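Here is target.txt, consisting of compact mmCIF, C-alpha atoms:
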```txt
# COMPACT_ATOMS: atom_id res chain seq x y z
CA ASP Y 18 46.24 74.63 38.68
CA ILE Y 19 43.64 71.88 38.38
CA GLN Y 20 45.15 68.57 37.25
CA MET Y 21 43.07 66.30 35.02
CA THR Y 22 43.88 62.59 35.02
CA GLN Y 23 42.44 60.28 32.40
CA SER Y 24 42.43 56.53 32.39
CA PRO Y 25 43.28 54.41 30.64
CA SER Y 26 45.87 56.15 28.48
CA SER Y 27 45.07 53.71 25.70
CA LEU Y 28 42.74 50.84 25.06
CA SER Y 29 42.11 48.27 22.38
CA ALA Y 30 38.53 47.54 21.44
CA SER Y 31 36.45 46.07 18.67
CA VAL Y 32 33.58 47.43 16.64
CA GLY Y 33 30.41 47.08 18.69
CA ASP Y 34 32.18 47.15 22.06
CA ARG Y 35 31.09 49.39 24.91
CA VAL Y 36 33.94 51.71 25.88
CA THR Y 37 34.28 53.76 29.05
CA ILE Y 38 36.91 56.43 29.68
CA THR Y 39 37.32 58.07 33.06
CA CYS Y 40 38.57 61.54 33.97
CA ARG Y 41 39.39 62.75 37.45
CA ALA Y 42 39.97 66.34 38.54
CA SER Y 43 42.36 67.25 41.35
CA GLN Y 44 39.62 69.36 42.94
CA SER Y 45 35.90 69.76 42.50
CA ILE Y 46 34.92 71.36 39.20
CA SER Y 47 31.15 70.85 39.54
CA SER Y 48 30.02 69.97 35.99
CA PHE Y 49 32.54 72.16 34.18
CA LEU Y 50 33.93 69.27 32.16
CA ASN Y 51 34.10 68.83 28.39
CA TRP Y 52 35.11 65.94 26.12
CA TYR Y 53 36.86 66.20 22.75
CA GLN Y 54 37.62 63.71 20.01
CA HIS Y 55 40.87 64.11 18.08
CA LYS Y 56 41.82 62.22 14.96
CA PRO Y 57 45.29 62.44 13.38
CA GLY Y 58 45.60 65.37 10.99
CA LYS Y 59 42.22 66.76 11.96
CA ALA Y 60 41.02 69.52 14.26
CA PRO Y 61 39.84 68.38 17.69
CA LYS Y 62 36.06 68.17 17.93
CA LEU Y 63 33.89 69.03 20.92
CA LEU Y 64 31.67 66.06 21.75
CA ILE Y 65 30.18 66.81 25.17
CA SER Y 66 30.05 69.96 27.27
CA ALA Y 67 29.04 70.54 30.88
CA ALA Y 68 29.77 66.89 31.67
CA SER Y 69 26.73 65.43 29.92
CA SER Y 70 25.42 67.74 27.20
CA LEU Y 71 25.80 66.10 23.80
CA GLN Y 72 26.74 68.56 21.08
CA SER Y 73 24.57 68.91 17.99
CA GLY Y 74 25.43 66.33 15.38
CA VAL Y 75 27.29 64.01 17.74
CA PRO Y 76 25.89 60.45 17.61
CA SER Y 77 23.79 59.35 20.57
CA ARG Y 78 26.12 56.42 21.23
CA PHE Y 79 28.33 58.97 23.01
CA SER Y 80 27.33 59.96 26.52
CA GLY Y 81 28.95 61.67 29.46
CA GLY Y 82 28.34 61.77 33.17
CA GLY Y 83 29.70 62.71 36.54
CA SER Y 84 30.19 65.79 38.65
CA GLY Y 85 32.60 67.09 41.26
CA THR Y 86 35.86 65.29 40.60
CA ASP Y 87 34.89 62.10 38.71
CA PHE Y 88 33.61 61.93 35.16
CA ILE Y 89 33.07 59.31 32.48
CA LEU Y 90 32.73 59.22 28.71
CA THR Y 91 30.92 56.21 27.34
CA ILE Y 92 30.66 54.98 23.77
CA SER Y 93 27.84 52.47 23.82
CA SER Y 94 28.69 50.64 20.60
CA LEU Y 95 32.06 51.50 19.08
CA GLN Y 96 32.01 52.31 15.38
CA PRO Y 97 34.97 52.36 12.95
CA GLU Y 98 34.93 56.16 12.83
CA ASP Y 99 35.30 56.36 16.63
CA PHE Y 100 38.91 55.23 16.68
CA ALA Y 101 40.64 58.37 17.88
CA THR Y 102 42.14 60.01 20.95
CA TYR Y 103 39.71 61.44 23.51
CA TYR Y 104 40.51 64.29 25.90
CA CYS Y 105 38.68 65.69 28.87
CA GLN Y 106 39.08 69.40 29.70
CA GLN Y 107 38.02 71.40 32.72
CA SER Y 108 36.34 74.73 32.03
CA TYR Y 109 35.95 75.67 35.69
CA ILE Y 110 38.84 78.10 35.92
CA THR Y 111 41.88 79.33 34.00
CA PRO Y 112 44.38 78.01 33.28
CA LEU Y 113 42.19 75.57 31.43
CA THR Y 114 43.62 72.07 31.61
CA PHE Y 115 43.25 68.89 29.59
CA GLY Y 116 43.61 65.28 30.57
CA GLY Y 117 46.48 63.35 29.05
CA GLY Y 118 44.24 61.69 26.48
CA THR Y 119 42.93 58.18 25.86
CA LYS Y 120 43.81 56.57 22.55
CA VAL Y 121 41.14 54.16 21.37
CA GLU Y 122 42.64 51.60 19.02
CA ILE Y 123 41.41 48.59 17.15
CA GLU X 17 29.97 77.86 8.32
CA VAL X 18 32.53 78.82 10.94
CA GLN X 19 36.09 78.68 9.65
CA LEU X 20 39.35 79.24 11.49
CA VAL X 21 42.60 79.25 9.51
CA GLU X 22 45.92 79.50 11.31
CA SER X 23 49.14 80.70 9.67
CA GLY X 24 52.64 81.83 10.53
CA GLY X 25 54.21 78.62 11.73
CA VAL X 26 57.86 78.21 10.69
CA VAL X 27 61.21 76.93 11.93
CA VAL X 28 62.78 79.42 14.34
CA GLN X 29 65.90 79.35 16.49
CA PRO X 30 65.77 79.22 20.29
CA GLY X 31 65.41 82.71 21.67
CA GLY X 32 63.67 83.89 18.54
CA SER X 33 60.25 85.42 17.99
CA LEU X 34 57.25 84.59 15.87
CA ARG X 35 53.70 85.81 15.37
CA LEU X 36 50.90 83.40 14.60
CA SER X 37 47.65 84.51 13.01
CA CYS X 38 44.17 83.01 12.90
CA ALA X 39 41.69 84.24 10.30
CA ALA X 40 38.08 83.77 11.34
CA SER X 41 34.94 83.74 9.23
CA GLY X 42 31.33 82.61 9.39
CA PHE X 43 30.41 84.20 12.72
CA ASN X 44 30.38 87.56 14.51
CA PHE X 45 34.03 87.49 15.55
CA ASP X 46 33.72 90.43 17.96
CA ASP X 47 31.12 88.57 20.05
CA TYR X 48 33.31 85.62 21.01
CA ALA X 49 36.35 84.94 23.14
CA MET X 50 39.13 83.06 21.39
CA HIS X 51 41.75 80.54 22.52
CA TRP X 52 45.12 79.17 21.48
CA VAL X 53 45.90 75.52 22.25
CA ARG X 54 49.02 73.57 21.30
CA GLN X 55 50.08 69.97 20.86
CA ALA X 56 53.74 69.05 21.06
CA PRO X 57 54.86 66.08 18.94
CA GLY X 58 53.60 62.85 20.48
CA LYS X 59 51.99 64.70 23.39
CA GLY X 60 48.50 65.76 24.43
CA LEU X 61 46.67 69.04 24.17
CA GLU X 62 47.87 72.04 26.19
CA TRP X 63 45.81 75.22 26.56
CA VAL X 64 47.96 78.30 25.91
CA SER X 65 45.90 81.47 26.08
CA LEU X 66 42.47 83.14 26.02
CA ILE X 67 41.34 86.61 25.00
CA ASP X 68 37.94 88.13 25.67
CA TRP X 69 35.66 89.19 22.79
CA ASP X 70 36.67 92.83 23.23
CA GLY X 71 40.36 92.15 23.77
CA VAL X 72 40.38 93.73 27.23
CA SER X 73 41.10 90.63 29.29
CA THR X 74 43.71 87.98 28.54
CA TYR X 75 44.76 84.77 30.27
CA TYR X 76 47.83 82.56 29.89
CA ALA X 77 49.24 79.20 30.85
CA ASP X 78 52.11 79.48 33.30
CA SER X 79 54.43 77.91 30.73
CA VAL X 80 54.09 80.89 28.37
CA LYS X 81 53.28 83.77 30.70
CA GLY X 82 55.62 86.69 30.15
CA ARG X 83 56.81 85.34 26.78
CA PHE X 84 53.61 85.07 24.70
CA THR X 85 51.02 87.78 24.03
CA ILE X 86 47.55 87.11 22.67
CA SER X 87 45.75 89.86 20.79
CA ARG X 88 42.97 90.37 18.29
CA ASP X 89 41.87 92.81 15.62
CA ASN X 90 38.09 92.68 15.43
CA SER X 91 38.08 94.91 12.35
CA LYS X 92 40.05 92.20 10.54
CA ASN X 93 38.37 89.16 12.16
CA SER X 94 41.82 88.04 13.21
CA LEU X 95 43.45 86.52 16.27
CA TYR X 96 47.18 86.64 16.96
CA LEU X 97 49.78 85.05 19.18
CA GLN X 98 53.08 86.89 19.57
CA MET X 99 55.68 84.40 20.74
CA ASN X 100 58.98 85.72 22.15
CA SER X 101 61.97 84.04 23.81
CA LEU X 102 61.04 80.78 22.14
CA ARG X 103 62.30 77.53 23.62
CA THR X 104 62.67 74.07 22.11
CA GLU X 105 59.76 72.95 24.31
CA ASP X 106 57.48 75.41 22.47
CA THR X 107 57.72 73.19 19.39
CA ALA X 108 54.12 72.20 18.67
CA LEU X 109 51.13 72.39 16.40
CA TYR X 110 49.25 75.53 17.44
CA TYR X 111 45.45 75.61 17.12
CA CYS X 112 43.12 78.54 17.44
CA ALA X 113 39.64 77.81 18.73
CA LYS X 114 36.44 79.74 19.27
CA ASP X 115 34.77 79.90 22.68
CA ARG X 116 31.14 78.77 22.68
CA GLY X 117 29.92 81.59 24.89
CA GLU X 118 28.62 84.78 23.28
CA GLN X 119 30.12 87.76 25.13
CA GLN X 120 31.02 85.47 28.03
CA HIS X 121 33.41 82.59 28.72
CA TYR X 122 32.02 79.14 28.52
CA ASN X 123 35.56 77.87 28.04
CA TRP X 124 34.23 75.20 25.71
CA LEU X 125 36.35 75.25 22.56
CA ASP X 126 34.34 74.81 19.39
CA PRO X 127 35.30 74.73 16.63
CA TRP X 128 39.05 74.50 16.17
CA GLY X 129 41.26 75.32 13.21
CA GLN X 130 43.58 72.85 11.53
CA GLY X 131 46.66 74.22 13.24
CA THR X 132 50.01 75.71 12.25
CA LEU X 133 53.33 74.06 13.07
CA VAL X 134 55.99 75.89 15.04
CA THR X 135 59.42 74.27 15.26
CA VAL X 136 62.01 75.76 17.59
CA SER X 137 65.40 74.37 16.70
CA SER X 138 68.95 75.48 16.06
```
Starting from the file, lay out its structure as structure tokens.
Amino acid sequence: DIQMTQSPSSLSASVGDRVTITCRASQSISSFLNWYQHKPGKAPKLLISAASSLQSGVPSRFSGGGSGTDFILTISSLQPEDFATYYCQQSYITPLTFGGGTKVEI
Amino acid sequence: EVQLVESGGVVVQPGGSLRLSCAASGFNFDDYAMHWVRQAPGKGLEWVSLIDWDGVSTYYADSVKGRFTISRDNSKNSLYLQMNSLRTEDTALYYCAKDRGEQQHYNWLDPWGQGTLVTVSS
């Protein structure tokens, strides 16, 4: 199985900060990497697919990059509604696997 | 608007069985693969299972293989997860999610339902 490792597991930031979350795959997954946002009591939401493709309706302050084994999610200017847990997920092969999550806190 | 509504989560004893359901609306259900994903209390997301749009092919996480069975009834726009030989470690919020690919796997999950809680405890 492909292991997905996210870092950091949590971070504290302020409104307006630039935030970067990294995700590393245990083997090359090309660009088969997706990012989700998950808020307590809500359904997870797909933010970015195929490493860098922003989903419709997702603010442009979110961006993704990388390929192979190393990927990043960047929030250019953190907003109050962005405080949540973020997960990467490889869609290269089943079993699909998620990173452990990064909790973004105030 | 796409809607996914899970049901069937209850408290069940170890070794017991349970069937979860997911009612889908707002899209052509029989054109899309569907997934189950779970989140144990205080833990991250864990993919559980995938079924193709026509129900022919299914895929499972190693942790549930041989115990869980995914199925669908396209005439009822419904997805199911039959869970047998339940263990305490199966305690989790179970989400159903739609695959983004039409008649193919993209393995991007969008959208997700709100989840149904399964508690395995004596």
Using only C-alpha atoms, determine which residues lie at most 9 Å from segment 73-81 of chain X, disregarding the query and same-chain residues fewer than 2 positions distant; provide the list as a short mmCIF file (atom, residue, chain, number, x, y, z; two decimals) with C-alpha atoms, in the coordinates of the input.
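Below is the file that was written, result_34.cif:
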```
data_model
loop_
_atom_site.label_atom_id
_atom_site.label_comp_id
_atom_site.auth_asym_id
_atom_site.auth_seq_id
_atom_site.Cartn_x
_atom_site.Cartn_y
_atom_site.Cartn_z
CA THR Y 111 41.88 79.33 34.00
CA PRO Y 112 44.38 78.01 33.28
CA LEU Y 113 42.19 75.57 31.43
CA GLU X 62 47.87 72.04 26.19
CA TRP X 63 45.81 75.22 26.56
CA VAL X 64 47.96 78.30 25.91
CA SER X 65 45.90 81.47 26.08
CA LEU X 66 42.47 83.14 26.02
CA ILE X 67 41.34 86.61 25.00
CA ASP X 68 37.94 88.13 25.67
CA TRP X 69 35.66 89.19 22.79
CA ASP X 70 36.67 92.83 23.23
CA GLY X 71 40.36 92.15 23.77
CA ARG X 83 56.81 85.34 26.78
CA PHE X 84 53.61 85.07 24.70
CA THR X 85 51.02 87.78 24.03
CA ILE X 86 47.55 87.11 22.67
CA SER X 87 45.75 89.86 20.79
CA MET X 99 55.68 84.40 20.74
CA ASP X 106 57.48 75.41 22.47
#
```
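Distance annotation: of X:Leu61, X:Leu95, X:Val72, X:Cys38, the residue with the minimal separation from chain Y is X:Leu61; atom set is only C-alpha atoms.
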Compile the residues of chain Y that lie within 9 Å of chain X, evaluated using all atoms listed in the file, and express the compilation as a list in words. Phe49, Leu50, Asn51, Gly58, Lys59, Ala60, Pro61, Lys62, Leu63, Ser66, Ala67, Tyr104, Gln106, Gln107, Ser108, Tyr109, Ile110, Thr111, Pro112, Leu113, Thr114, Phe115, Gly116, Gly117 and Gly118 of chain Y
The residues within 12 Å of (35.7, 53.4, 11.1), using all atoms listed in the file and the coordinates of the file, should be reported as a CSV table (one decimal) with C-alpha atoms, in the coordinates of the input; which are they?
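Written output follows (selection-v8.csv):
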```csv
chain,number,residue,atom,x,y,z
Y,31,SER,CA,36.4,46.1,18.7
Y,32,VAL,CA,33.6,47.4,16.6
Y,33,GLY,CA,30.4,47.1,18.7
Y,56,LYS,CA,41.8,62.2,15.0
Y,95,LEU,CA,32.1,51.5,19.1
Y,96,GLN,CA,32.0,52.3,15.4
Y,97,PRO,CA,35.0,52.4,13.0
Y,98,GLU,CA,34.9,56.2,12.8
Y,99,ASP,CA,35.3,56.4,16.6
Y,100,PHE,CA,38.9,55.2,16.7
Y,101,ALA,CA,40.6,58.4,17.9
Y,121,VAL,CA,41.1,54.2,21.4
Y,122,GLU,CA,42.6,51.6,19.0
Y,123,ILE,CA,41.4,48.6,17.2
```
What separation in Å, quoted to one decimal, exists between atom CA of Asp115 of chain X and atom CA of Gln20 of chain Y?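 Taking atom CA of Asp115 of chain X as the start and atom CA of Gln20 of chain Y as the end point, the length is 21.2 Å.
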List as a ChimeraX atom specification the protein and nucleic acid residues near Glu17 of chain X, meaning an atom at most 12 Å away when only C-alpha atoms are counted, but skip any in the same chain fewer than 6 places from it. /X:40-44,127
Please provide as a list in words all residues within 9 Å of Ser69 of chain Y, with the sequence filter that same-chain residues fewer than 4 positions apart are discarded (counting only C-alpha atoms). Ser48, Leu50, Asn51, Ile65, Ser80, Gly81, Gly82, Gly83 and Leu90 of chain Y
Around all the atoms of segment 94-112 of chain Y listed in the file, with 8 Å of room on each side, what axis-aligned box do you get, giving centre and edge lengths in Å to one decimal, as JSON?
```
{"center_x": 36.5, "center_y": 65.0, "center_z": 24.4, "size_x": 31.7, "size_y": 44.7, "size_z": 39.1}
```
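Residues surrounding Gly24 of chain X within 9 Å are X:Leu34, X:Arg35, X:Leu36, X:Ser37, X:Cys38, X:Thr132, X:Leu133, X:Val134 [only C-alpha atoms; sequence separation below 3 positions excluded].
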Mind giving me the straight-line distance from atom CA of Gln19 of chain X to atom CA of Ala39 of chain X in Å, one decimal? 7.9 Å
Any idea what's packed within 8 Å of Leu64 of chain Y, counting only C-alpha atoms, ignoring anything in its chain fewer than 4 positions away? Could you give it as a count of residues only? 8
Could you please determine the separation between atom CA of Ser94 of chain Y and atom CA of Ile38 of chain Y in Å, to one decimal place? 13.5 Å
Find, counting all atoms listed in the file, the residue in X:Ser138, X:Gly58, X:Leu102, X:Ser94 that gets nearest to Thr102 of chain Y.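 Of X:Ser138, X:Gly58, X:Leu102, X:Ser94, the one nearest Thr102 of chain Y is X:Gly58, counting all atoms listed in the file.
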